[in-house]
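Structure file my_file06.cif (mmCIF, C-alpha atoms, pLDDT in the B column; chains and numbers go by the auth columns) follows.
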```cif
data_entry
#
loop_
_atom_site.group_PDB
_atom_site.id
_atom_site.type_symbol
_atom_site.label_atom_id
_atom_site.label_comp_id
_atom_site.label_asym_id
_atom_site.label_seq_id
_atom_site.Cartn_x
_atom_site.Cartn_y
_atom_site.Cartn_z
_atom_site.B_iso_or_equiv
_atom_site.auth_seq_id
_atom_site.auth_asym_id
ATOM 1 C CA MET A 1 45.547 7.884 223.768 47.00 1 P
ATOM 2 C CA ALA A 2 46.484 4.231 223.061 47.00 2 P
ATOM 3 C CA PRO A 3 50.071 5.080 221.918 45.00 3 P
ATOM 4 C CA LEU A 4 50.577 7.042 225.138 40.00 4 P
ATOM 5 C CA LEU A 5 49.524 4.040 227.244 40.00 5 P
ATOM 6 C CA LEU A 6 51.940 1.852 225.296 40.00 6 P
ATOM 7 C CA LEU A 7 54.807 4.208 226.169 39.00 7 P
ATOM 8 C CA LEU A 8 53.966 3.925 229.871 40.00 8 P
ATOM 9 C CA TYR A 9 54.525 0.151 229.795 41.00 9 P
ATOM 10 C CA LEU A 10 57.616 0.255 227.580 39.00 10 P
ATOM 11 C CA PRO A 11 60.264 0.558 230.359 44.00 11 P
ATOM 12 C CA ILE A 12 58.864 -2.478 232.179 41.00 12 P
ATOM 13 C CA ALA A 13 58.976 -4.607 229.028 44.00 13 P
ATOM 14 C CA LEU A 14 62.540 -3.526 228.231 53.00 14 P
ATOM 15 C CA CYS A 15 64.104 -4.039 231.670 83.00 15 P
ATOM 16 C CA CYS A 16 65.351 -7.526 230.665 90.00 16 P
ATOM 17 C CA GLU A 17 67.122 -8.548 227.460 91.00 17 P
ATOM 18 C CA GLN A 18 69.038 -11.456 225.955 92.00 18 P
ATOM 19 C CA ALA A 19 72.832 -11.256 226.156 93.00 19 P
ATOM 20 C CA PRO A 20 75.760 -13.494 225.154 91.00 20 P
ATOM 21 C CA SER A 21 77.250 -15.841 227.748 85.00 21 P
ATOM 22 C CA THR A 22 80.387 -13.718 228.180 88.00 22 P
ATOM 23 C CA GLU A 23 78.351 -10.833 229.633 91.00 23 P
ATOM 24 C CA CYS A 24 76.559 -13.025 232.173 88.00 24 P
ATOM 25 C CA GLU A 25 79.314 -14.976 233.889 88.00 25 P
ATOM 26 C CA LYS A 26 80.474 -12.413 236.463 91.00 26 P
ATOM 27 C CA LEU A 27 77.161 -10.669 237.119 94.00 27 P
ATOM 28 C CA PRO A 28 75.069 -11.455 240.207 95.00 28 P
ATOM 29 C CA PHE A 29 71.583 -12.953 240.076 93.00 29 P
ATOM 30 C CA VAL A 30 68.530 -10.740 240.485 92.00 30 P
ATOM 31 C CA PRO A 31 67.381 -10.296 244.102 89.00 31 P
ATOM 32 C CA GLY A 32 65.053 -13.020 245.315 84.00 32 P
ATOM 33 C CA HIS A 33 65.979 -15.473 242.554 84.00 33 P
ATOM 34 C CA ASN A 34 66.543 -18.187 245.157 79.00 34 P
ATOM 35 C CA LEU A 35 63.015 -17.828 246.575 76.00 35 P
ATOM 36 C CA VAL A 36 61.514 -19.524 243.521 76.00 36 P
ATOM 37 C CA GLY A 37 60.387 -22.998 244.506 76.00 37 P
ATOM 38 C CA GLU A 38 62.212 -23.149 247.833 80.00 38 P
ATOM 39 C CA GLY A 39 60.728 -25.483 250.424 82.00 39 P
ATOM 40 C CA PHE A 40 59.215 -24.037 253.596 79.00 40 P
ATOM 41 C CA ASP A 41 58.951 -25.785 256.981 80.00 41 P
ATOM 42 C CA ILE A 42 55.527 -24.766 258.309 76.00 42 P
ATOM 43 C CA VAL A 43 56.293 -26.056 261.829 75.00 43 P
ATOM 44 C CA GLN A 44 59.500 -24.039 262.302 76.00 44 P
ATOM 45 C CA MET A 45 58.323 -21.203 260.035 76.00 45 P
ATOM 46 C CA LYS A 46 61.550 -21.054 258.029 81.00 46 P
ATOM 47 C CA THR A 47 62.891 -22.055 254.645 81.00 47 P
ATOM 48 C CA THR A 48 64.373 -25.532 254.249 84.00 48 P
ATOM 49 C CA GLY A 49 67.066 -24.836 251.677 81.00 49 P
ATOM 50 C CA ALA A 50 65.695 -27.552 249.367 82.00 50 P
ATOM 51 C CA PHE A 51 64.750 -26.389 245.872 81.00 51 P
ATOM 52 C CA VAL A 52 62.264 -28.020 243.529 82.00 52 P
ATOM 53 C CA VAL A 53 63.097 -25.484 240.800 84.00 53 P
ATOM 54 C CA ASP A 54 66.608 -25.030 239.352 86.00 54 P
ATOM 55 C CA VAL A 55 67.563 -21.432 240.196 84.00 55 P
ATOM 56 C CA ARG A 56 71.314 -21.707 239.464 85.00 56 P
ATOM 57 C CA THR A 57 71.167 -22.338 235.706 87.00 57 P
ATOM 58 C CA TYR A 58 71.048 -19.093 233.755 87.00 58 P
ATOM 59 C CA MET A 59 72.225 -20.117 230.278 86.00 59 P
ATOM 60 C CA SER A 60 69.842 -21.108 227.526 83.00 60 P
ATOM 61 C CA GLY A 61 70.892 -22.737 224.286 75.00 61 P
ATOM 62 C CA GLY A 62 73.904 -24.668 225.531 71.00 62 P
ATOM 63 C CA GLU A 63 77.259 -23.755 227.025 71.00 63 P
ATOM 64 C CA HIS A 64 77.891 -20.824 224.672 75.00 64 P
ATOM 65 C CA GLY A 65 74.269 -19.741 224.460 84.00 65 P
ATOM 66 C CA ASN A 66 72.546 -16.697 225.821 90.00 66 P
ATOM 67 C CA CYS A 67 71.284 -15.526 229.160 92.00 67 P
ATOM 68 C CA THR A 68 68.743 -12.952 230.264 92.00 68 P
ATOM 69 C CA LEU A 69 70.103 -9.770 231.829 94.00 69 P
ATOM 70 C CA CYS A 70 67.859 -7.384 233.733 93.00 70 P
ATOM 71 C CA ASP A 71 68.547 -3.737 234.495 93.00 71 P
ATOM 72 C CA ASN A 72 67.935 -3.293 238.228 92.00 72 P
ATOM 73 C CA LYS A 73 67.282 0.430 238.715 92.00 73 P
ATOM 74 C CA LEU A 74 67.096 0.054 242.521 90.00 74 P
ATOM 75 C CA LEU A 75 70.673 -1.244 242.711 92.00 75 P
ATOM 76 C CA ASN A 76 71.812 0.557 239.540 94.00 76 P
ATOM 77 C CA GLU A 77 73.341 -2.551 237.956 94.00 77 P
ATOM 78 C CA LYS A 78 72.651 -5.340 235.495 95.00 78 P
ATOM 79 C CA GLN A 79 71.855 -8.765 236.927 94.00 79 P
ATOM 80 C CA LYS A 80 71.223 -12.193 235.448 94.00 80 P
ATOM 81 C CA LEU A 81 67.924 -14.037 235.595 92.00 81 P
ATOM 82 C CA PRO A 82 67.728 -17.822 236.121 91.00 82 P
ATOM 83 C CA ALA A 83 66.500 -19.678 233.036 90.00 83 P
ATOM 84 C CA SER A 84 63.601 -21.095 235.086 88.00 84 P
ATOM 85 C CA VAL A 85 62.252 -17.593 235.850 86.00 85 P
ATOM 86 C CA VAL A 86 60.116 -16.227 233.043 82.00 86 P
ATOM 87 C CA ASP A 87 59.061 -12.842 234.375 81.00 87 P
ATOM 88 C CA TRP A 88 60.861 -10.458 236.733 84.00 88 P
ATOM 89 C CA ARG A 89 60.433 -6.745 237.334 83.00 89 P
ATOM 90 C CA ILE A 90 60.854 -4.021 239.906 87.00 90 P
ATOM 91 C CA LYS A 91 57.690 -3.135 241.778 84.00 91 P
ATOM 92 C CA VAL A 92 58.180 -1.303 245.063 85.00 92 P
ATOM 93 C CA GLN A 93 55.148 -1.766 247.257 83.00 93 P
ATOM 94 C CA CYS A 94 55.148 -1.070 250.984 81.00 94 P
ATOM 95 C CA ARG A 95 52.323 -1.523 253.395 73.00 95 P
ATOM 96 C CA ARG A 96 52.480 1.788 255.167 66.00 96 P
ATOM 97 C CA SER A 97 50.694 0.706 258.292 65.00 97 P
ATOM 98 C CA LEU A 98 52.766 -0.437 261.221 67.00 98 P
ATOM 99 C CA SER A 99 50.893 -3.015 263.215 70.00 99 P
ATOM 100 C CA ALA A 100 51.688 -4.016 266.761 74.00 100 P
ATOM 101 C CA LYS A 101 50.222 -6.747 268.936 76.00 101 P
ATOM 102 C CA MET A 102 50.530 -7.140 272.680 78.00 102 P
ATOM 103 C CA TYR A 103 50.469 -10.581 274.287 75.00 103 P
ATOM 104 C CA GLU A 104 50.153 -11.197 278.014 75.00 104 P
ATOM 105 C CA SER A 105 51.088 -14.886 277.965 73.00 105 P
ATOM 106 C CA ALA A 106 53.253 -17.334 276.061 71.00 106 P
ATOM 107 C CA SER A 107 50.165 -19.319 275.104 72.00 107 P
ATOM 108 C CA SER A 108 48.670 -16.269 273.359 74.00 108 P
ATOM 109 C CA VAL A 109 51.909 -15.856 271.354 70.00 109 P
ATOM 110 C CA LEU A 110 51.791 -19.537 270.410 69.00 110 P
ATOM 111 C CA LYS A 111 48.115 -19.334 269.470 71.00 111 P
ATOM 112 C CA ASP A 112 48.647 -16.307 267.225 70.00 112 P
ATOM 113 C CA THR A 113 51.722 -17.893 265.605 65.00 113 P
ATOM 114 C CA THR A 114 49.782 -21.028 264.705 63.00 114 P
ATOM 115 C CA THR A 115 46.746 -19.139 263.384 61.00 115 P
ATOM 116 C CA SER A 116 48.881 -16.758 261.310 57.00 116 P
ATOM 117 C CA ALA A 117 50.297 -19.742 259.425 53.00 117 P
ATOM 118 C CA SER A 118 47.718 -20.227 256.712 46.00 118 P
ATOM 119 C CA ALA A 119 46.026 -23.610 256.555 46.00 119 P
ATOM 120 C CA SER A 120 46.306 -23.559 252.753 43.00 120 P
ATOM 121 C CA TRP A 121 49.532 -25.608 252.887 48.00 121 P
ATOM 122 C CA LYS A 122 47.443 -28.634 253.927 51.00 122 P
ATOM 123 C CA VAL A 123 45.317 -28.674 250.773 47.00 123 P
ATOM 124 C CA GLY A 124 45.714 -31.979 248.942 49.00 124 P
ATOM 125 C CA LEU A 125 47.950 -33.563 251.593 51.00 125 P
ATOM 126 C CA SER A 126 45.243 -35.699 253.231 53.00 126 P
ATOM 127 C CA VAL A 127 46.541 -34.776 256.689 51.00 127 P
ATOM 128 C CA PRO A 128 44.199 -36.147 259.379 51.00 128 P
ATOM 129 C CA MET A 129 43.126 -33.436 261.824 47.00 129 P
ATOM 130 C CA VAL A 130 43.412 -34.242 265.516 46.00 130 P
ATOM 131 C CA ALA A 131 41.370 -32.080 267.884 43.00 131 P
ATOM 132 C CA GLY A 132 43.455 -29.755 270.052 42.00 132 P
ATOM 133 C CA VAL A 133 46.729 -30.296 268.179 40.00 133 P
ATOM 134 C CA ALA A 134 48.602 -27.231 266.925 44.00 134 P
ATOM 135 C CA VAL A 135 51.230 -27.734 264.248 44.00 135 P
ATOM 136 C CA GLY A 136 51.994 -24.622 262.200 50.00 136 P
ATOM 137 C CA GLY A 137 54.539 -22.347 263.855 54.00 137 P
ATOM 138 C CA THR A 138 54.801 -24.262 267.132 57.00 138 P
ATOM 139 C CA HIS A 139 58.583 -24.492 266.788 63.00 139 P
ATOM 140 C CA SER A 140 59.136 -21.011 265.364 69.00 140 P
ATOM 141 C CA ARG A 141 61.655 -18.670 266.996 71.00 141 P
ATOM 142 C CA SER A 142 58.919 -16.479 268.477 68.00 142 P
ATOM 143 C CA ALA A 143 57.083 -19.489 269.946 69.00 143 P
ATOM 144 C CA ARG A 144 60.288 -20.943 271.435 73.00 144 P
ATOM 145 C CA PHE A 145 61.199 -17.569 272.944 70.00 145 P
ATOM 146 C CA ALA A 146 57.759 -17.126 274.494 71.00 146 P
ATOM 147 C CA LYS A 147 57.764 -20.657 275.934 69.00 147 P
ATOM 148 C CA SER A 148 61.250 -20.227 277.431 70.00 148 P
ATOM 149 C CA HIS A 149 60.222 -17.040 279.245 65.00 149 P
ATOM 150 C CA ALA A 150 56.758 -18.167 280.331 67.00 150 P
ATOM 151 C CA SER A 151 57.874 -19.788 283.583 66.00 151 P
ATOM 152 C CA GLN A 152 59.863 -16.746 284.690 65.00 152 P
ATOM 153 C CA ASP A 153 58.520 -13.464 286.067 63.00 153 P
ATOM 154 C CA LYS A 154 55.617 -11.597 284.432 66.00 154 P
ATOM 155 C CA TYR A 155 56.329 -11.001 280.755 66.00 155 P
ATOM 156 C CA SER A 156 54.517 -9.098 278.040 70.00 156 P
ATOM 157 C CA PHE A 157 55.320 -9.929 274.429 69.00 157 P
ATOM 158 C CA THR A 158 54.927 -7.571 271.459 73.00 158 P
ATOM 159 C CA SER A 159 54.977 -8.224 267.755 73.00 159 P
ATOM 160 C CA HIS A 160 55.587 -5.435 265.204 75.00 160 P
ATOM 161 C CA THR A 161 55.031 -5.781 261.467 75.00 161 P
ATOM 162 C CA PHE A 162 56.022 -3.560 258.541 75.00 162 P
ATOM 163 C CA SER A 163 56.277 -5.043 255.077 78.00 163 P
ATOM 164 C CA CYS A 164 57.766 -3.994 251.741 81.00 164 P
ATOM 165 C CA ARG A 165 58.035 -5.794 248.405 80.00 165 P
ATOM 166 C CA TYR A 166 60.546 -4.602 245.840 81.00 166 P
ATOM 167 C CA TYR A 167 60.383 -7.141 243.028 79.00 167 P
ATOM 168 C CA THR A 168 57.739 -9.312 241.353 72.00 168 P
#
```

structure tokens encoding of this file:
Amino acid sequence: MAPLLLLLYLPIALCCEQAPSTECEKLPFVPGHNLVGEGFDIVQMKTTGAFVVDVRTYMSGGEHGNCTLCDNKLLNEKQKLPASVVDWRIKVQCRRSLSAKMYESASSVLKDTTTSASASWKVGLSVPMVAGVAVGGTHSRSARFAKSHASQDKYSFTSHTFSCRYYT
């Protein structure tokens, strides 16, 4: 039974391999490589474009060293892995439930946007809390849209969510 279990995990372990520099130069990076260590603006709910992790370097061992190539079965091509990324694999996982929320006012959209932004980003920052002040998501696109339409005729706002992950 144990050898059979080992065979089940074999394709995952072999999806990436070392290759000489000449094979890596013209190949694209694996999907999502630029999400590693990218800054996130919690007020505007968008990425900042600043990276604390080098995701452009893919060579190891000097200029004529090696790189890591991964076989992406979803795109049917080989792709290079940044040297700072240790583990990458395909793992398709979709949340099959479609959720929808109905809001009757701009303030309810704003309230839900700020509560959906997890407070975990504040841990260790020593940010003083001021009663009644909302920060997370208050300048997001959905909040700005709701605020701009709030003073006009009666509006109802909806939010739909469906999520899929393809790589880990």

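Counting only C-alpha atoms, the residue from P:Gly39, P:Pro20, P:Gly32, P:Pro82 that sits nearest to Asp54 in chain P is P:Pro82.
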
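Once the PyMOL selection byres ((chain P and resi 70) around 8) is applied to the shown structure, the selection contains Cys15, Cys16, Glu17, Val30, Thr68, Leu69, Asp71, Asn72, Lys78, Gln79, Lys80 and Leu81 of chain P.
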
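Between CA of Met102 in chain P and CA of Ser159 in chain P there is a distance of 6.7 Å.
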
For the PyMOL selection byres ((chain P and resi 34) around 10), applied here, can you spell out every residue it catches as a compact mmCIF listing (two decimals) with C-alpha atoms, in the coordinates of the input?
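Output file expr_25.txt is given in full below:
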```txt
# COMPACT_ATOMS: atom_id res chain seq x y z
CA PHE P 29 71.58 -12.95 240.08
CA VAL P 30 68.53 -10.74 240.48
CA PRO P 31 67.38 -10.30 244.10
CA GLY P 32 65.05 -13.02 245.32
CA HIS P 33 65.98 -15.47 242.55
CA LEU P 35 63.02 -17.83 246.58
CA VAL P 36 61.51 -19.52 243.52
CA GLY P 37 60.39 -23.00 244.51
CA GLU P 38 62.21 -23.15 247.83
CA GLY P 49 67.07 -24.84 251.68
CA PHE P 51 64.75 -26.39 245.87
CA VAL P 53 63.10 -25.48 240.80
CA ASP P 54 66.61 -25.03 239.35
CA VAL P 55 67.56 -21.43 240.20
CA ARG P 56 71.31 -21.71 239.46
CA PRO P 82 67.73 -17.82 236.12
```

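Using all atoms listed in the file for every distance, the candidate list P:Leu27, P:Leu75, P:Gln44, P:Tyr167 yields P:Tyr167 as the residue closest to Asp87 in chain P.
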
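Shortest atom-to-atom contact with Gln93 in chain P among P:Ser163, P:Ser107, P:Thr47, P:Ser156: P:Ser163, counting all atoms listed in the file.
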